[in-house]
Structure formats: structure tokens, C-alpha cells
file my_file17.csv (CSV, C-alpha atoms)
chain,number,residue,atom,x,y,z
A,1,MET,CA,116.5,101.9,102.2
A,2,ALA,CA,117.8,105.1,100.7
A,3,SER,CA,115.8,108.1,99.4
A,4,ILE,CA,116.3,109.4,95.9
A,5,LYS,CA,118.5,112.2,97.1
A,6,GLU,CA,120.7,109.8,99.2
A,7,SER,CA,120.9,107.4,96.3
A,8,MET,CA,122.1,110.2,93.9
A,9,ASP,CA,124.6,111.4,96.4
A,10,VAL,CA,126.1,107.9,96.6
A,11,LEU,CA,126.2,107.7,92.8
A,12,LEU,CA,128.0,111.0,92.5
A,13,GLN,CA,130.8,109.7,94.7
A,14,SER,CA,131.8,107.3,91.9
A,15,ASP,CA,135.1,108.2,90.4
A,16,GLY,CA,134.5,110.5,87.4
A,17,ALA,CA,130.8,111.0,88.1
A,18,MET,CA,129.4,114.1,86.4
A,19,CYS,CA,125.7,113.8,86.9
A,20,THR,CA,122.9,111.4,87.7
A,21,ALA,CA,119.1,111.1,87.6
A,22,ILE,CA,116.3,108.8,88.6
A,23,VAL,CA,113.9,108.7,85.7
A,24,ASP,CA,110.3,107.4,85.1
A,25,ALA,CA,110.5,105.6,81.8
A,26,ASN,CA,106.7,105.6,81.5
A,27,SER,CA,106.7,109.4,81.2
A,28,GLY,CA,110.3,110.4,80.6
A,29,MET,CA,110.1,112.6,83.7
A,30,VAL,CA,113.1,113.1,86.0
A,31,LEU,CA,112.2,112.2,89.6
A,32,GLY,CA,115.5,113.5,91.0
A,33,GLN,CA,118.7,114.8,89.6
A,34,ALA,CA,122.2,115.8,90.8
A,35,GLY,CA,125.4,117.0,89.3
A,36,THR,CA,126.3,119.0,86.2
A,37,GLY,CA,127.5,118.6,82.7
A,38,LEU,CA,124.3,117.7,80.8
A,39,ASP,CA,120.7,118.8,80.4
A,40,LEU,CA,119.3,115.9,82.5
A,41,GLU,CA,115.7,116.6,81.5
A,42,LEU,CA,116.6,116.2,77.8
A,43,ALA,CA,118.8,113.2,78.5
A,44,ALA,CA,116.1,111.5,80.5
A,45,ALA,CA,113.6,111.9,77.7
A,46,GLY,CA,116.1,110.5,75.1
A,47,ASN,CA,117.2,107.6,77.3
A,48,THR,CA,113.6,106.7,78.0
A,49,GLU,CA,113.4,106.0,74.3
A,50,VAL,CA,116.5,103.8,74.5
A,51,VAL,CA,115.0,101.7,77.3
A,52,ARG,CA,111.7,101.4,75.5
A,53,ALA,CA,113.4,100.4,72.2
A,54,LYS,CA,115.5,97.7,74.0
A,55,LEU,CA,112.4,96.3,75.8
A,56,LYS,CA,110.5,96.2,72.5
A,57,THR,CA,113.3,94.4,70.7
A,58,MET,CA,113.7,91.9,73.5
A,59,LYS,CA,109.9,91.2,73.3
A,60,SER,CA,110.1,90.8,69.5
A,61,LEU,CA,113.0,88.3,69.8
A,62,GLY,CA,111.0,86.3,72.4
A,63,LEU,CA,113.7,86.9,75.1
A,64,ASN,CA,112.2,86.2,78.4
A,65,ASP,CA,114.9,88.2,80.3
A,66,LYS,CA,115.5,91.5,82.0
A,67,ILE,CA,117.9,94.4,81.4
A,68,GLU,CA,120.6,94.7,84.1
A,69,ASP,CA,122.1,97.8,82.6
A,70,ILE,CA,122.7,99.5,79.3
A,71,LEU,CA,126.1,101.1,78.7
A,72,ILE,CA,126.6,103.8,76.1
A,73,THR,CA,130.3,104.6,75.5
A,74,LEU,CA,131.1,107.9,74.0
A,75,GLY,CA,134.5,109.3,73.2
A,76,THR,CA,134.8,111.1,76.5
A,77,GLN,CA,132.0,109.7,78.6
A,78,TYR,CA,130.2,106.6,79.8
A,79,HIS,CA,126.4,106.7,80.2
A,80,ILE,CA,125.0,103.9,82.4
A,81,ILE,CA,121.2,103.2,82.4
A,82,ARG,CA,120.1,100.8,85.0
A,83,PRO,CA,116.4,99.8,85.4
A,84,VAL,CA,115.2,99.6,89.0
A,85,ALA,CA,114.0,96.0,89.4
A,86,SER,CA,111.7,96.7,92.4
A,87,LYS,CA,109.9,99.5,90.6
A,88,GLU,CA,109.1,98.7,87.0
A,89,GLY,CA,109.4,101.8,84.8
A,90,LEU,CA,112.1,103.5,86.7
A,91,PHE,CA,115.8,103.7,85.8
A,92,ILE,CA,119.0,105.1,87.2
A,93,TYR,CA,121.0,107.2,84.8
A,94,LEU,CA,124.7,108.0,85.5
A,95,VAL,CA,127.1,109.9,83.4
A,96,LEU,CA,130.8,109.5,84.0
A,97,ASP,CA,133.9,111.3,82.6
A,98,LYS,CA,135.6,108.4,80.8
A,99,SER,CA,139.2,109.5,81.7
A,100,LYS,CA,138.5,109.7,85.4
A,101,SER,CA,136.2,106.8,86.0
A,102,ASN,CA,136.4,103.1,86.9
A,103,LEU,CA,133.5,101.6,84.9
A,104,ALA,CA,133.3,98.4,86.9
A,105,LEU,CA,133.0,100.2,90.2
A,106,ALA,CA,130.5,102.6,88.8
A,107,ARG,CA,128.3,99.7,87.5
A,108,ARG,CA,128.6,98.1,90.9
A,109,ASN,CA,127.6,101.4,92.6
A,110,CYS,CA,124.5,101.5,90.4
A,111,GLN,CA,123.6,98.0,91.3
A,112,GLU,CA,123.9,98.7,95.0
A,113,VAL,CA,121.9,101.9,94.7
A,114,GLU,CA,119.2,100.1,92.8
A,115,SER,CA,118.9,97.5,95.5
A,116,THR,CA,118.5,100.1,98.3
A,117,LEU,CA,116.4,102.7,96.5
A,118,ALA,CA,113.2,103.5,98.4
A,119,LEU,CA,110.4,105.4,96.8

call {"tool": "encode", "arguments": {"input": "my_file17.csv", "output": "C-alpha cells"}}
result
Amino acid sequence: MASIKESMDVLLQSDGAMCTAIVDANSGMVLGQAGTGLDLELAAAGNTEVVRAKLKTMKSLGLNDKIEDILITLGTQYHIIRPVASKEGLFIYLVLDKSKSNLALARRNCQEVESTLAL
């Protein structure tokens, strides 16, 4: 099992990684953050709304499923949001420089970090 700091250090080793955070989606609060390039407090609050909206939509549609990850593709960046299955209400947030990253490997790293995160 890995601590929040260890988990974020692993995520920042992804090619093109700019910054990362572990976020409590119930409150929008950042539990840990690393890297630079964005105001992670503001991003955490905004992406909390993204997660809540998706969960609400899934419920409205009667989808009995879970979110593995949410990918937001911008012109120059990828934003990966991955809920932590073992701790409902938490999610991993990773921002990548699109020109320097390998999206498949970054998603895989998020999956591995999620499975080993200890709180």
C-alpha cells in the first residue's frame, strides 16, 4: 500500500505529467497535491462537479455501473479523473501535457495507483 505522497510521486513519473491531486469529491477538498501548471484547489472543486454530474446522470439513466475514469481532452492537455474504488468519494486527478504524454500508459498508472492507495 502506498501513501498519498508516494502515489502522487508515481503519477508524476508518467510521461508528460504536469500535476496531480487526490481529491475528496464529497467536499471538493484536495487531500494531497504535487506538480505545477494549474491551480489544483480550483481544479479539484470544478472536477468534483464533473464527477457528481456524471454519477447523477448514470443514476437517472438507471445505469448500475461504476466510473473507471473520465478523460477530458483539451488542445494541449489531457485531464484524467479516476475515482478510487476502495474509498467512495475520492478521486485521482492527473494533468498531462498532450504533446509529451502516452495516454494509455498514464491511464494504466492511474489504475495501478488507485489499487495501491492507502489512506

call {"tool": "closest_residue", "arguments": {"input": "my_file17.csv", "among": "A:Gly89, A:Gly46, A:Glu41, A:Gln77", "to": "Asn26 (chain A)", "atoms": "all atoms listed in the file"}}
result
A:Gly89

call {"tool": "atom_distance", "arguments": {"input": "my_file17.csv", "atom1": "CA of Asp9 (chain A)", "atom2": "CA of Glu88 (chain A)"}}
result
22.1 Å

call {"tool": "atom_distance", "arguments": {"input": "my_file17.csv", "atom1": "CA of Asp39 (chain A)", "atom2": "CA of Leu103 (chain A)"}}
result
21.9 Å

call {"tool": "atom_distance", "arguments": {"input": "my_file17.csv", "atom1": "CA of Ala34 (chain A)", "atom2": "CA of His79 (chain A)"}}
result
14.6 Å

call {"tool": "closest_residue", "arguments": {"input": "my_file17.csv", "among": "A:Asp15, A:Asp24, A:Glu49, A:Glu112", "to": "Leu96 (chain A)", "atoms": "all atoms listed in the file"}}
result
A:Asp15

call {"tool": "residues_around", "arguments": {"input": "my_file17.csv", "residues": "Ser27 (chain A)", "least_positions_apart": "5", "cutoff": "10 Å", "atoms": "all atoms listed in the file", "output": "VMD selection string"}}
result
chain A and resid 44 to 45 48 89 to 90

call {"tool": "residues_around", "arguments": {"input": "my_file17.csv", "residues": "region 92-95 of chain A", "least_positions_apart": "6", "cutoff": "7 Å", "atoms": "all atoms listed in the file", "output": "JSON list (two decimals) with C-alpha atoms, in the coordinates of the input"}}
result
[["chain", "number", "residue", "atom", "x", "y", "z"],
["A", 17, "ALA", "CA", 130.80, 111.00, 88.10],
["A", 18, "MET", "CA", 129.40, 114.10, 86.40],
["A", 19, "CYS", "CA", 125.70, 113.80, 86.90],
["A", 20, "THR", "CA", 122.90, 111.40, 87.70],
["A", 21, "ALA", "CA", 119.10, 111.10, 87.60],
["A", 22, "ILE", "CA", 116.30, 108.80, 88.60],
["A", 23, "VAL", "CA", 113.90, 108.70, 85.70],
["A", 77, "GLN", "CA", 132.00, 109.70, 78.60],
["A", 78, "TYR", "CA", 130.20, 106.60, 79.80],
["A", 79, "HIS", "CA", 126.40, 106.70, 80.20],
["A", 80, "ILE", "CA", 125.00, 103.90, 82.40],
["A", 81, "ILE", "CA", 121.20, 103.20, 82.40],
["A", 82, "ARG", "CA", 120.10, 100.80, 85.00],
["A", 83, "PRO", "CA", 116.40, 99.80, 85.40],
["A", 84, "VAL", "CA", 115.20, 99.60, 89.00]]

call {"tool": "closest_residue", "arguments": {"input": "my_file17.csv", "among": "A:Ser99, A:Gln111, A:Thr36, A:Ser7", "to": "Ile67 (chain A)", "atoms": "all atoms listed in the file"}}
result
A:Gln111

call {"tool": "closest_residue", "arguments": {"input": "my_file17.csv", "among": "A:Ile70, A:Leu63, A:Val51, A:Leu31", "to": "Ser3 (chain A)", "atoms": "all atoms listed in the file"}}
result
A:Leu31

call {"tool": "closest_residue", "arguments": {"input": "my_file17.csv", "among": "A:Lys59, A:Arg52, A:Lys66, A:Lys87", "to": "Leu119 (chain A)", "atoms": "only C-alpha atoms"}}
result
A:Lys87

call {"tool": "closest_residue", "arguments": {"input": "my_file17.csv", "among": "A:Ala53, A:Met8, A:Asp65, A:Asp97", "to": "Gly32 (chain A)", "atoms": "only C-alpha atoms"}}
result
A:Met8
